[in-house]
>>> print(open('work_19.cif').read())   # mmCIF, C-alpha atoms and all ligand atoms
data_work
#
loop_
_atom_site.label_atom_id
_atom_site.label_comp_id
_atom_site.auth_asym_id
_atom_site.auth_seq_id
_atom_site.Cartn_x
_atom_site.Cartn_y
_atom_site.Cartn_z
CA MET A 1 0.00 0.00 0.00
CA SER A 2 1.37 3.43 -0.88
CA ASN A 3 0.83 5.90 1.92
CA SER A 4 1.53 9.07 -0.01
CA GLY A 5 -1.00 11.76 0.76
CA LYS A 6 -2.17 10.08 3.98
CA LYS A 7 -2.50 12.04 7.23
CA LEU A 8 0.14 11.71 9.95
CA GLU A 9 -2.22 9.79 12.26
CA THR A 10 -2.64 7.15 9.53
CA LEU A 11 1.06 7.08 8.68
CA CYS A 12 1.89 6.39 12.35
CA ILE A 13 0.00 3.10 12.02
CA HIS A 14 0.83 2.02 8.48
CA ALA A 15 3.87 3.79 7.04
CA GLY A 16 6.64 1.45 5.97
CA GLN A 17 4.74 -1.65 7.01
CA THR A 18 2.82 -4.32 5.13
CA THR A 19 1.18 -7.50 6.34
CA ALA A 20 3.89 -10.22 6.39
CA PRO A 21 3.45 -12.13 3.10
CA ALA A 22 4.28 -15.59 4.48
CA THR A 23 2.00 -15.53 7.53
CA GLY A 24 -0.41 -12.63 7.28
CA ALA A 25 1.05 -11.23 10.53
CA VAL A 26 -0.28 -7.71 10.97
CA MET A 27 2.68 -6.52 13.05
CA PRO A 28 6.11 -6.70 11.37
CA PRO A 29 8.05 -9.71 12.68
CA ILE A 30 11.25 -9.20 14.67
CA TYR A 31 13.96 -10.58 12.37
CA THR A 32 16.82 -11.62 14.63
CA SER A 33 18.88 -13.19 11.86
CA THR A 34 22.22 -11.45 11.37
CA THR A 35 22.69 -12.94 7.91
CA PHE A 36 20.51 -13.69 4.88
CA GLU A 37 20.88 -16.33 2.17
CA HIS A 38 22.12 -15.20 -1.23
CA GLU A 39 19.66 -15.74 -4.06
CA ALA A 40 22.37 -17.18 -6.32
CA PHE A 41 26.12 -17.19 -6.64
CA GLY A 42 27.31 -13.57 -6.66
CA GLN A 43 23.76 -12.31 -6.09
CA ALA A 44 22.77 -11.12 -2.64
CA GLY A 45 19.07 -10.48 -1.99
CA GLU A 46 17.60 -7.28 -0.55
CA TYR A 47 19.22 -8.13 2.79
CA ALA A 48 22.68 -9.66 3.19
CA TYR A 49 24.02 -8.84 6.67
CA SER A 50 22.14 -7.05 9.44
CA ARG A 51 24.59 -4.20 9.96
CA GLY A 52 23.88 -3.10 6.38
CA GLY A 53 20.15 -3.76 6.59
CA ASN A 54 17.62 -5.71 8.63
CA PRO A 55 13.92 -6.08 7.73
CA THR A 56 12.62 -4.98 11.17
CA ARG A 57 14.94 -1.98 11.23
CA ALA A 58 14.02 -1.21 7.61
CA ALA A 59 10.31 -1.09 8.51
CA LEU A 60 11.07 1.51 11.20
CA GLU A 61 13.32 3.44 8.80
CA ARG A 62 10.63 3.57 6.11
CA CYS A 63 8.02 4.60 8.67
CA ILE A 64 9.97 7.51 10.14
CA ALA A 65 11.12 8.66 6.68
CA GLU A 66 7.47 8.97 5.62
CA LEU A 67 6.46 10.72 8.84
CA GLU A 68 9.21 13.31 8.41
CA GLY A 69 8.49 13.71 4.69
CA GLY A 70 11.95 12.43 3.73
CA VAL A 71 13.21 9.87 1.24
CA ARG A 72 15.31 7.73 3.54
CA GLY A 73 15.59 7.01 7.25
CA PHE A 74 18.26 5.39 9.40
CA ALA A 75 17.84 3.84 12.83
CA TYR A 76 20.66 3.73 15.37
CA ALA A 77 21.39 2.25 18.76
CA SER A 78 21.00 5.68 20.41
CA GLY A 79 20.42 9.33 19.65
CA MET A 80 24.12 9.95 20.19
CA ALA A 81 25.00 7.30 17.57
CA ALA A 82 22.68 9.10 15.12
CA THR A 83 24.41 12.43 15.87
CA ALA A 84 27.85 10.85 15.51
CA ALA A 85 26.84 9.45 12.08
CA VAL A 86 25.93 12.97 10.89
CA LEU A 87 29.31 14.29 12.05
CA GLU A 88 30.99 11.52 10.00
CA LEU A 89 29.81 13.39 6.88
CA LEU A 90 32.36 16.12 7.66
CA GLU A 91 35.98 15.91 6.66
CA ALA A 92 38.64 16.72 9.27
CA GLY A 93 39.05 20.46 9.76
CA SER A 94 35.40 21.26 9.00
CA HIS A 95 33.59 23.94 10.95
CA VAL A 96 30.14 23.57 12.51
CA ILE A 97 27.85 26.35 13.79
CA THR A 98 25.58 25.31 16.61
CA GLN A 99 23.81 26.48 19.78
CA GLN A 100 25.01 26.48 23.38
CA GLY A 101 21.55 25.54 24.53
CA ILE A 102 21.49 22.04 23.07
CA TYR A 103 21.32 18.69 24.83
CA GLY A 104 24.33 18.32 27.16
CA GLY A 105 25.41 14.98 25.63
CA THR A 106 25.53 16.55 22.15
CA LEU A 107 27.67 19.39 23.53
CA ARG A 108 30.02 16.80 25.06
CA LEU A 109 30.30 14.88 21.78
CA PHE A 110 31.08 18.12 19.93
CA ASN A 111 33.48 19.74 22.38
CA GLN A 112 35.12 16.91 24.24
CA ILE A 113 35.25 14.19 21.57
CA ARG A 114 34.99 15.32 17.95
CA ARG A 115 37.14 18.44 18.38
CA HIS A 116 40.01 16.12 19.24
CA SER A 117 39.25 12.91 17.37
CA ALA A 118 38.07 14.45 14.09
CA GLY A 119 39.60 17.95 14.16
CA LEU A 120 36.17 19.56 13.88
CA ASP A 121 35.69 23.11 15.10
CA PHE A 122 32.44 24.34 16.65
CA THR A 123 31.13 27.89 17.07
CA PHE A 124 28.18 28.52 19.37
CA VAL A 125 25.48 31.12 18.76
CA ASP A 126 21.80 31.37 19.71
CA PHE A 127 20.43 31.57 16.11
CA PHE A 128 18.19 34.55 16.88
CA ASP A 129 20.32 37.10 14.99
CA LEU A 130 20.70 35.85 11.41
CA GLN A 131 23.27 38.49 10.51
CA GLN A 132 25.43 37.28 13.39
CA VAL A 133 25.05 33.67 12.19
CA GLU A 134 26.08 34.69 8.68
CA SER A 135 29.11 36.56 9.99
CA LEU A 136 30.31 33.37 11.69
CA LEU A 137 30.39 31.35 8.46
CA ARG A 138 33.88 30.40 7.26
CA PRO A 139 35.06 28.82 4.00
CA GLU A 140 35.30 25.49 5.85
CA THR A 141 31.83 25.71 7.47
CA ARG A 142 29.93 22.58 6.41
CA LEU A 143 27.10 22.14 8.91
CA ILE A 144 24.62 24.05 11.02
CA TRP A 145 23.38 21.85 13.86
CA LEU A 146 20.38 23.04 15.76
CA GLU A 147 17.76 21.98 18.22
CA THR A 148 14.29 23.49 18.40
CA PRO A 149 12.70 23.62 20.91
CA THR A 150 15.95 23.43 22.88
CA ASN A 151 16.66 21.37 25.95
CA PRO A 152 15.94 22.55 28.65
CA LEU A 153 15.02 26.20 27.96
CA LEU A 154 12.68 25.55 25.03
CA ASP A 155 14.02 28.28 22.77
CA VAL A 156 12.51 28.14 19.28
CA VAL A 157 14.62 28.71 16.14
CA ASP A 158 13.30 29.79 12.72
CA LEU A 159 13.98 26.69 10.61
CA ALA A 160 13.17 28.13 7.17
CA ALA A 161 15.29 31.24 7.76
CA ILE A 162 18.31 29.20 8.89
CA ALA A 163 17.93 26.78 5.95
CA GLU A 164 17.75 29.67 3.48
CA LEU A 165 20.88 31.27 4.93
CA ALA A 166 22.79 27.96 5.05
CA HIS A 167 21.95 26.98 1.48
CA ARG A 168 23.17 30.31 0.12
CA HIS A 169 26.56 29.22 1.47
CA ASP A 170 26.34 25.53 0.57
CA VAL A 171 26.09 24.49 4.22
CA LEU A 172 23.96 21.57 5.44
CA VAL A 173 21.37 22.00 8.20
CA CYS A 174 20.64 19.18 10.65
CA VAL A 175 17.80 19.60 13.15
CA ASP A 176 17.46 17.61 16.35
CA ASN A 177 13.67 17.19 16.28
CA THR A 178 13.47 15.10 19.47
CA PHE A 179 11.38 17.57 21.50
CA ALA A 180 8.74 18.14 18.82
CA SER A 181 8.44 14.77 17.03
CA PRO A 182 7.21 14.74 13.40
CA ILE A 183 3.65 15.17 14.66
CA LEU A 184 4.41 18.74 15.73
CA GLN A 185 7.27 19.78 13.45
CA ARG A 186 8.77 18.53 10.17
CA PRO A 187 12.03 20.39 9.45
CA LEU A 188 12.50 18.83 5.97
CA GLU A 189 9.32 20.64 4.90
CA ARG A 190 11.13 23.86 5.84
CA ASP A 191 14.07 22.96 3.63
CA CYS A 192 16.42 21.61 6.27
CA ASP A 193 18.60 18.70 5.11
CA ILE A 194 18.70 16.17 7.94
CA VAL A 195 16.33 15.45 10.82
CA MET A 196 17.75 13.68 13.83
CA HIS A 197 15.88 12.14 16.78
CA SER A 198 16.62 10.50 20.04
CA SER A 199 13.90 7.88 19.52
CA THR A 200 14.45 7.03 23.18
CA LYS A 201 12.00 9.90 23.79
CA TYR A 202 8.63 10.54 22.06
CA LEU A 203 9.01 8.14 19.13
CA GLY A 204 9.50 5.10 21.39
CA GLY A 205 7.35 6.78 24.01
CA HIS A 206 7.51 4.17 26.77
CA SER A 207 11.00 4.65 28.25
CA ASP A 208 11.93 1.10 27.32
CA ALA A 209 14.06 1.39 24.17
CA LEU A 210 17.20 3.41 23.50
CA GLY A 211 17.49 4.58 19.90
CA GLY A 212 18.31 7.27 17.38
CA ILE A 213 17.08 8.29 13.94
CA ASN A 214 18.30 10.30 10.97
CA VAL A 215 16.07 11.18 8.00
CA VAL A 216 17.13 12.95 4.80
CA ALA A 217 15.27 14.56 1.90
CA ASP A 218 18.00 14.13 -0.69
CA PRO A 219 18.72 10.63 -2.09
CA GLU A 220 22.41 11.41 -2.67
CA LEU A 221 22.85 12.50 0.95
CA GLY A 222 20.97 9.33 1.87
CA GLN A 223 23.56 7.22 0.02
CA ARG A 224 26.37 8.89 1.93
CA ILE A 225 24.69 8.36 5.30
CA ALA A 226 23.86 4.75 4.37
CA ALA A 227 27.55 4.08 3.72
CA ILE A 228 28.52 5.73 7.02
CA THR A 229 25.81 3.92 8.98
CA SER A 230 26.79 0.50 7.70
CA GLY A 231 30.51 1.31 7.82
CA VAL A 232 30.56 2.63 11.37
CA GLY A 233 27.87 0.25 12.55
CA GLY A 234 26.01 1.95 15.42
CA VAL A 235 22.70 0.56 14.15
CA ALA A 236 19.51 -0.27 16.09
CA GLY A 237 19.04 -3.93 16.98
CA PRO A 238 15.85 -5.61 15.74
CA PHE A 239 14.15 -5.77 19.16
CA ASP A 240 14.68 -2.06 19.81
CA ALA A 241 13.65 -1.19 16.24
CA TYR A 242 10.43 -3.13 16.82
CA LEU A 243 9.72 -1.31 20.10
CA VAL A 244 10.14 2.10 18.46
CA LEU A 245 7.94 1.06 15.53
CA ARG A 246 5.32 -0.11 18.03
CA GLY A 247 5.65 3.13 19.99
CA ILE A 248 5.10 5.22 16.86
CA LYS A 249 1.68 3.58 16.39
CA THR A 250 0.34 5.75 19.23
CA LEU A 251 2.60 8.77 18.67
CA ALA A 252 -0.13 11.09 17.35
CA LEU A 253 -2.49 10.25 20.22
CA ARG A 254 0.22 10.55 22.84
CA MET A 255 1.48 13.90 21.54
CA GLU A 256 -2.04 15.29 21.83
CA ARG A 257 -2.24 14.34 25.53
CA HIS A 258 1.38 15.34 26.32
CA GLU A 259 0.55 18.73 24.91
CA THR A 260 -2.78 19.38 26.64
CA ASN A 261 -1.20 18.33 29.94
CA ALA A 262 1.83 20.59 29.33
CA GLN A 263 -0.31 23.56 28.37
CA ALA A 264 -2.46 23.21 31.51
CA VAL A 265 0.52 22.68 33.83
CA ALA A 266 2.45 25.61 32.29
CA ALA A 267 -0.54 27.94 32.76
CA TRP A 268 -1.02 26.73 36.34
CA LEU A 269 2.67 27.17 37.20
CA GLU A 270 2.67 30.69 35.76
CA MET A 271 0.11 31.68 38.41
CA HIS A 272 1.96 30.06 41.34
CA GLU A 273 3.57 32.36 43.87
CA ARG A 274 6.66 30.15 44.30
CA VAL A 275 7.40 30.14 40.55
CA GLN A 276 9.59 32.94 39.13
CA LEU A 277 9.44 32.07 35.45
CA VAL A 278 7.85 29.42 33.20
CA ARG A 279 9.28 28.43 29.82
CA TYR A 280 6.83 26.75 27.44
CA PRO A 281 6.46 27.67 23.74
CA GLY A 282 2.67 27.46 24.09
CA LEU A 283 2.51 30.37 26.56
CA SER A 284 2.05 33.84 25.12
CA SER A 285 4.83 34.94 27.52
CA HIS A 286 7.36 32.75 25.64
CA PRO A 287 9.70 35.02 23.62
CA GLN A 288 9.25 32.98 20.41
CA HIS A 289 5.59 32.05 20.92
CA ALA A 290 4.53 33.52 17.54
CA LEU A 291 7.30 31.66 15.70
CA ALA A 292 6.42 28.40 17.46
CA ARG A 293 2.79 28.91 16.47
CA SER A 294 3.72 29.40 12.81
CA GLN A 295 6.28 26.63 12.34
CA MET A 296 4.93 23.95 14.70
CA ASP A 297 1.61 22.11 14.84
CA GLY A 298 1.66 22.20 18.65
CA PHE A 299 4.05 23.08 21.44
CA GLY A 300 5.10 19.73 22.92
CA GLY A 301 5.15 18.14 26.32
CA VAL A 302 8.12 19.71 28.12
CA VAL A 303 7.80 22.64 30.51
CA SER A 304 10.68 24.26 32.42
CA PHE A 305 10.31 26.64 35.34
CA GLN A 306 12.39 28.54 37.84
CA LEU A 307 11.51 28.07 41.46
CA ASP A 308 11.73 31.05 43.78
CA GLY A 309 14.30 29.35 46.01
CA ASP A 310 17.79 27.88 46.28
CA LEU A 311 19.16 24.41 45.55
CA THR A 312 17.85 23.06 48.86
CA ALA A 313 14.34 24.29 48.05
CA VAL A 314 14.57 22.70 44.58
CA GLY A 315 15.68 19.39 46.11
CA ASP A 316 12.82 19.59 48.58
CA VAL A 317 10.21 20.02 45.80
CA LEU A 318 11.69 17.23 43.69
CA GLU A 319 11.74 14.85 46.68
CA LYS A 320 8.10 15.62 47.53
CA LEU A 321 6.74 14.85 44.04
CA GLN A 322 4.99 11.49 43.90
CA VAL A 323 3.28 11.18 40.50
CA PHE A 324 6.30 12.75 38.76
CA THR A 325 9.34 10.49 38.88
CA MET A 326 12.72 12.14 39.42
CA ALA A 327 14.70 10.78 36.46
CA GLU A 328 16.69 11.69 33.35
CA SER A 329 14.96 11.60 29.94
CA LEU A 330 11.59 12.75 28.64
CA GLY A 331 8.91 11.84 26.15
CA GLY A 332 7.57 8.73 27.86
CA VAL A 333 3.98 8.06 28.92
CA GLU A 334 4.96 8.71 32.54
CA SER A 335 5.65 12.22 33.84
CA LEU A 336 9.24 12.88 34.81
CA VAL A 337 10.92 15.71 36.67
CA GLY A 338 14.55 16.64 36.15
CA HIS A 339 17.03 19.19 37.44
CA PRO A 340 19.19 20.18 34.45
CA ALA A 341 22.01 21.71 36.53
CA THR A 342 22.72 18.44 38.34
CA MET A 343 21.38 16.00 35.76
CA SER A 344 21.27 16.46 31.94
CA HIS A 345 23.60 19.51 31.94
CA SER A 346 25.88 18.64 34.86
CA ASN A 347 28.85 18.16 32.50
CA ILE A 348 28.79 21.89 31.66
CA LEU A 349 30.75 24.31 33.88
CA ALA A 350 28.56 26.16 36.40
CA GLU A 351 29.54 29.56 34.99
CA GLN A 352 28.65 28.46 31.45
CA ARG A 353 25.31 27.11 32.70
CA ARG A 354 24.49 30.44 34.29
CA GLU A 355 25.35 32.26 31.04
CA LEU A 356 22.92 29.97 29.24
CA GLY A 357 20.17 30.60 31.78
CA ILE A 358 20.31 27.04 33.14
CA ASN A 359 20.20 28.27 36.73
CA ASP A 360 20.29 26.09 39.83
CA ASN A 361 16.60 26.83 40.40
CA LEU A 362 15.53 25.57 36.96
CA ILE A 363 13.29 22.47 37.00
CA ARG A 364 12.28 20.58 33.85
CA LEU A 365 9.04 18.63 33.61
CA SER A 366 8.26 16.05 30.94
CA LEU A 367 4.49 15.76 31.02
CA GLY A 368 3.26 12.23 30.54
CA ILE A 369 -0.24 11.14 29.61
CA GLU A 370 -1.68 10.75 33.14
CA HIS A 371 -4.80 12.73 34.12
CA VAL A 372 -3.91 16.41 34.39
CA ASP A 373 -5.69 16.76 37.75
CA ASP A 374 -3.29 14.27 39.31
CA LEU A 375 -0.28 16.07 37.83
CA ILE A 376 -1.37 19.50 39.05
CA GLY A 377 -2.37 18.00 42.41
CA ASP A 378 1.10 16.52 42.77
CA LEU A 379 2.79 19.82 41.94
CA GLU A 380 0.45 21.63 44.33
CA GLN A 381 1.42 19.46 47.30
CA ALA A 382 5.13 19.55 46.39
CA LEU A 383 5.18 23.35 46.06
CA ALA A 384 3.22 23.92 49.26
CA PRO A 385 5.45 25.83 51.72
C1 LIG B 1 17.31 16.61 22.50
C2 LIG B 1 18.14 15.36 22.65
N1 LIG B 1 18.95 14.99 21.64
C3 LIG B 1 19.71 13.87 21.74
C4 LIG B 1 19.71 13.09 22.87
C5 LIG B 1 20.58 11.87 22.95
O1 LIG B 1 19.83 10.73 22.72
P1 LIG B 1 20.12 9.29 23.38
O2 LIG B 1 20.07 9.47 24.88
O3 LIG B 1 19.05 8.44 22.81
O4 LIG B 1 21.49 8.89 22.93
C6 LIG B 1 18.88 13.44 23.93
C7 LIG B 1 18.85 12.63 25.17
O5 LIG B 1 18.37 13.04 26.18
C8 LIG B 1 18.08 14.61 23.83
O6 LIG B 1 17.27 15.02 24.82
#
>>> encode(input="work_19.cif", output="structure tokens")
Amino acid sequence: MSNSGKKLETLCIHAGQTTAPATGAVMPPIYTSTTFEHEAFGQAGEYAYSRGGNPTRAALERCIAELEGGVRGFAYASGMAATAAVLELLEAGSHVITQQGIYGGTLRLFNQIRRHSAGLDFTFVDFFDLQQVESLLRPETRLIWLETPTNPLLDVVDLAAIAELAHRHDVLVCVDNTFASPILQRPLERDCDIVMHSSTKYLGGHSDALGGINVVADPELGQRIAAITSGVGGVAGPFDAYLVLRGIKTLALRMERHETNAQAVAAWLEMHERVQLVRYPGLSSHPQHALARSQMDGFGGVVSFQLDGDLTAVGDVLEKLQVFTMAESLGGVESLVGHPATMSHSNILAEQRRELGINDNLIRLSLGIEHVDDLIGDLEQALAP
């Protein structure tokens, strides 16, 4: 069945998947085989060896490629493996422009690993001033890497404007679309070149499978990433690929609930006397609310806020929460609470964190799909003096 022209809700269920021809199985089987018989001497079939391609992984890759509006998808063992595969496109000495306010693990890969191991250079900017971004381009600039909304401050970047600027200078744009998911934002439609995901988050959706995704719009770029992916080998195993594919079936429904819960919690927090500041792209107080409204189909399920209090007060609130679980990660069906300064962004120097606005009193919530009354009730008791 061709899915072209179908709505996202339908693609979540059917894209990239057909009933198994041999058995009629409605769900794609988990193919554990690492190797596949050749059709004849010197003639491999569609699959030969699982690092290069595996039918379960391929079903996930076709599915996410359709959801993102791309031509080819790739599934990895983690989001970091997906990011690393994109960096492999760059020859030694290349320059990358990116944001400070990206996921802490991506910053670590850039600054502490690839600077040394691959001779890449990185310049950090916030992407709000396009003239400034343009002034940072160098002859060896090959990639703009950006996240929108960012983790944990939920800044929103204008995708079409950055893509237009980058393409005038023959620079690729890769967007980490983890926080939005293709249900809320499709960067390839705004002319970006590569979409990356930590599928550990919303795509998988159940906090039970680590994974990463890249999707491209250009077949030639797809060939290059295919060669890197098979050559370097950080691919998703068939069980994890299956779990992400299964998770995607309910992605559209889950995103709807994540979002209504986030919107209600953000509005409630904004009125609370112990809360100094709330960051959520769906609030009219968010500095890029209008941009988020125009380039996204919703605002997502993550809300960050600053507590009026010190580190001890923050710890006290986090300890008191009962429905929210204090844990790393986001995007699962269960609500999580995190403290970026001591968790996701603890590998960044304190001074740098403060410059970024990741203060010690910043708390990040990943709203799950529980009933909103229980979530607000939990916050109410935890914030009570
Ligand atoms: C926005 C973002 N990108 C990338 C990653 C890395 O993904 P993974 O943990 O699946 O390697 C994360 C993980 O938290 C993330 O939040």
>>> atom_distance(input="work_19.cif", atom1="atom CA of A:Thr342", atom2="atom CA of A:Leu307")
15.1 Å
>>> residues_near_ligand(input="work_19.cif", ligand="ligand LIG 1 (chain B)", cutoff="10 Å", atoms="only C-alpha atoms and all ligand atoms", output="mmCIF file with C-alpha atoms, keeping the file's coordinate frame")
data_model
loop_
_atom_site.group_PDB
_atom_site.id
_atom_site.type_symbol
_atom_site.label_atom_id
_atom_site.label_comp_id
_atom_site.auth_asym_id
_atom_site.auth_seq_id
_atom_site.Cartn_x
_atom_site.Cartn_y
_atom_site.Cartn_z
ATOM 1 C CA TYR A 76 20.660 3.730 15.370
ATOM 2 C CA ALA A 77 21.390 2.250 18.760
ATOM 3 C CA SER A 78 21.000 5.680 20.410
ATOM 4 C CA GLY A 79 20.420 9.330 19.650
ATOM 5 C CA MET A 80 24.120 9.950 20.190
ATOM 6 C CA ALA A 81 25.000 7.300 17.570
ATOM 7 C CA ALA A 82 22.680 9.100 15.120
ATOM 8 C CA THR A 83 24.410 12.430 15.870
ATOM 9 C CA ALA A 84 27.850 10.850 15.510
ATOM 10 C CA ILE A 102 21.490 22.040 23.070
ATOM 11 C CA TYR A 103 21.320 18.690 24.830
ATOM 12 C CA GLY A 104 24.330 18.320 27.160
ATOM 13 C CA GLY A 105 25.410 14.980 25.630
ATOM 14 C CA THR A 106 25.530 16.550 22.150
ATOM 15 C CA LEU A 107 27.670 19.390 23.530
ATOM 16 C CA LEU A 146 20.380 23.040 15.760
ATOM 17 C CA GLU A 147 17.760 21.980 18.220
ATOM 18 C CA THR A 148 14.290 23.490 18.400
ATOM 19 C CA PRO A 149 12.700 23.620 20.910
ATOM 20 C CA THR A 150 15.950 23.430 22.880
ATOM 21 C CA ASN A 151 16.660 21.370 25.950
ATOM 22 C CA PRO A 152 15.940 22.550 28.650
ATOM 23 C CA VAL A 175 17.800 19.600 13.150
ATOM 24 C CA ASP A 176 17.460 17.610 16.350
ATOM 25 C CA ASN A 177 13.670 17.190 16.280
ATOM 26 C CA THR A 178 13.470 15.100 19.470
ATOM 27 C CA PHE A 179 11.380 17.570 21.500
ATOM 28 C CA ALA A 180 8.740 18.140 18.820
ATOM 29 C CA MET A 196 17.750 13.680 13.830
ATOM 30 C CA HIS A 197 15.880 12.140 16.780
ATOM 31 C CA SER A 198 16.620 10.500 20.040
ATOM 32 C CA SER A 199 13.900 7.880 19.520
ATOM 33 C CA THR A 200 14.450 7.030 23.180
ATOM 34 C CA LYS A 201 12.000 9.900 23.790
ATOM 35 C CA ALA A 209 14.060 1.390 24.170
ATOM 36 C CA LEU A 210 17.200 3.410 23.500
ATOM 37 C CA GLY A 211 17.490 4.580 19.900
ATOM 38 C CA GLY A 212 18.310 7.270 17.380
ATOM 39 C CA ILE A 213 17.080 8.290 13.940
ATOM 40 C CA GLU A 328 16.690 11.690 33.350
ATOM 41 C CA SER A 329 14.960 11.600 29.940
ATOM 42 C CA LEU A 330 11.590 12.750 28.640
ATOM 43 C CA GLY A 331 8.910 11.840 26.150
ATOM 44 C CA SER A 344 21.270 16.460 31.940
#
>>> closest_residue(input="work_19.cif", among="A:Ser335, A:Thr35, A:Thr123, A:Ser50", to="A:Arg257", atoms="all atoms listed in the file")
A:Ser335
>>> closest_residue(input="work_19.cif", among="A:Ala327, A:Val317, A:Val125, A:Val333", to="A:Asp378", atoms="only C-alpha atoms")
A:Val317
>>> residues_near_point(input="work_19.cif", point="(11.0, 33.5, 24.6)", cutoff="8 Å", atoms="all atoms listed in the file", output="PyMOL selection string")
chain A and resi 155-156+279+281+285-289
>>> residues_near_point(input="work_19.cif", point="(7.0, 15.5, 16.4)", cutoff="10 Å", atoms="all atoms listed in the file", output="ChimeraX atom specification")
/A:67-68,177-187,197,202-203,251-252,255,296-300
>>> atom_distance(input="work_19.cif", atom1="atom CA of A:Ile64", atom2="atom CA of A:Gly338")
27.9 Å
>>> axis_aligned_box(input="work_19.cif", around="stretch 302-305 of chain A", padding_each_side="4 Å", output="JSON")
{"center_x": 9.2, "center_y": 23.2, "center_z": 31.7, "size_x": 10.9, "size_y": 14.9, "size_z": 15.2}
>>> closest_residue(input="work_19.cif", among="A:Glu334, A:Glu39, A:Glu220, A:Asp170", to="A:Leu365", atoms="only C-alpha atoms")
A:Glu334
>>> closest_residue(input="work_19.cif", among="A:Met326, A:Ile13, A:Val157, A:Val171", to="A:Gly101", atoms="only C-alpha atoms")
A:Val157
>>> residues_around(input="work_19.cif", residues="A:Ser135", least_positions_apart="4", cutoff="12 Å", atoms="all atoms listed in the file", output="list in words")
Ile97, Thr123, Val125, Phe127, Asp129, Leu130, Gln131, Pro139, Thr141, Leu165, Ala166 and His169 of chain A
>>> closest_residue(input="work_19.cif", among="A:Gly204, A:Gly53, A:Pro385, A:Gly69", to="A:Leu8", atoms="all atoms listed in the file")
A:Gly69
>>> residues_around(input="work_19.cif", residues="A:Ala65", least_positions_apart="5", cutoff="10 Å", atoms="only C-alpha atoms", output="VMD selection string")
chain A and resid 15 to 16 59 to 60 70 to 74 182 195 213 to 217
>>> atom_distance(input="work_19.cif", atom1="atom CA of A:His14", atom2="atom CA of A:Ile248")
9.9 Å
>>> closest_residue(input="work_19.cif", among="A:Glu61, A:Glu164, A:Glu37, A:Asp374", to="A:Tyr242", atoms="all atoms listed in the file")
A:Glu61
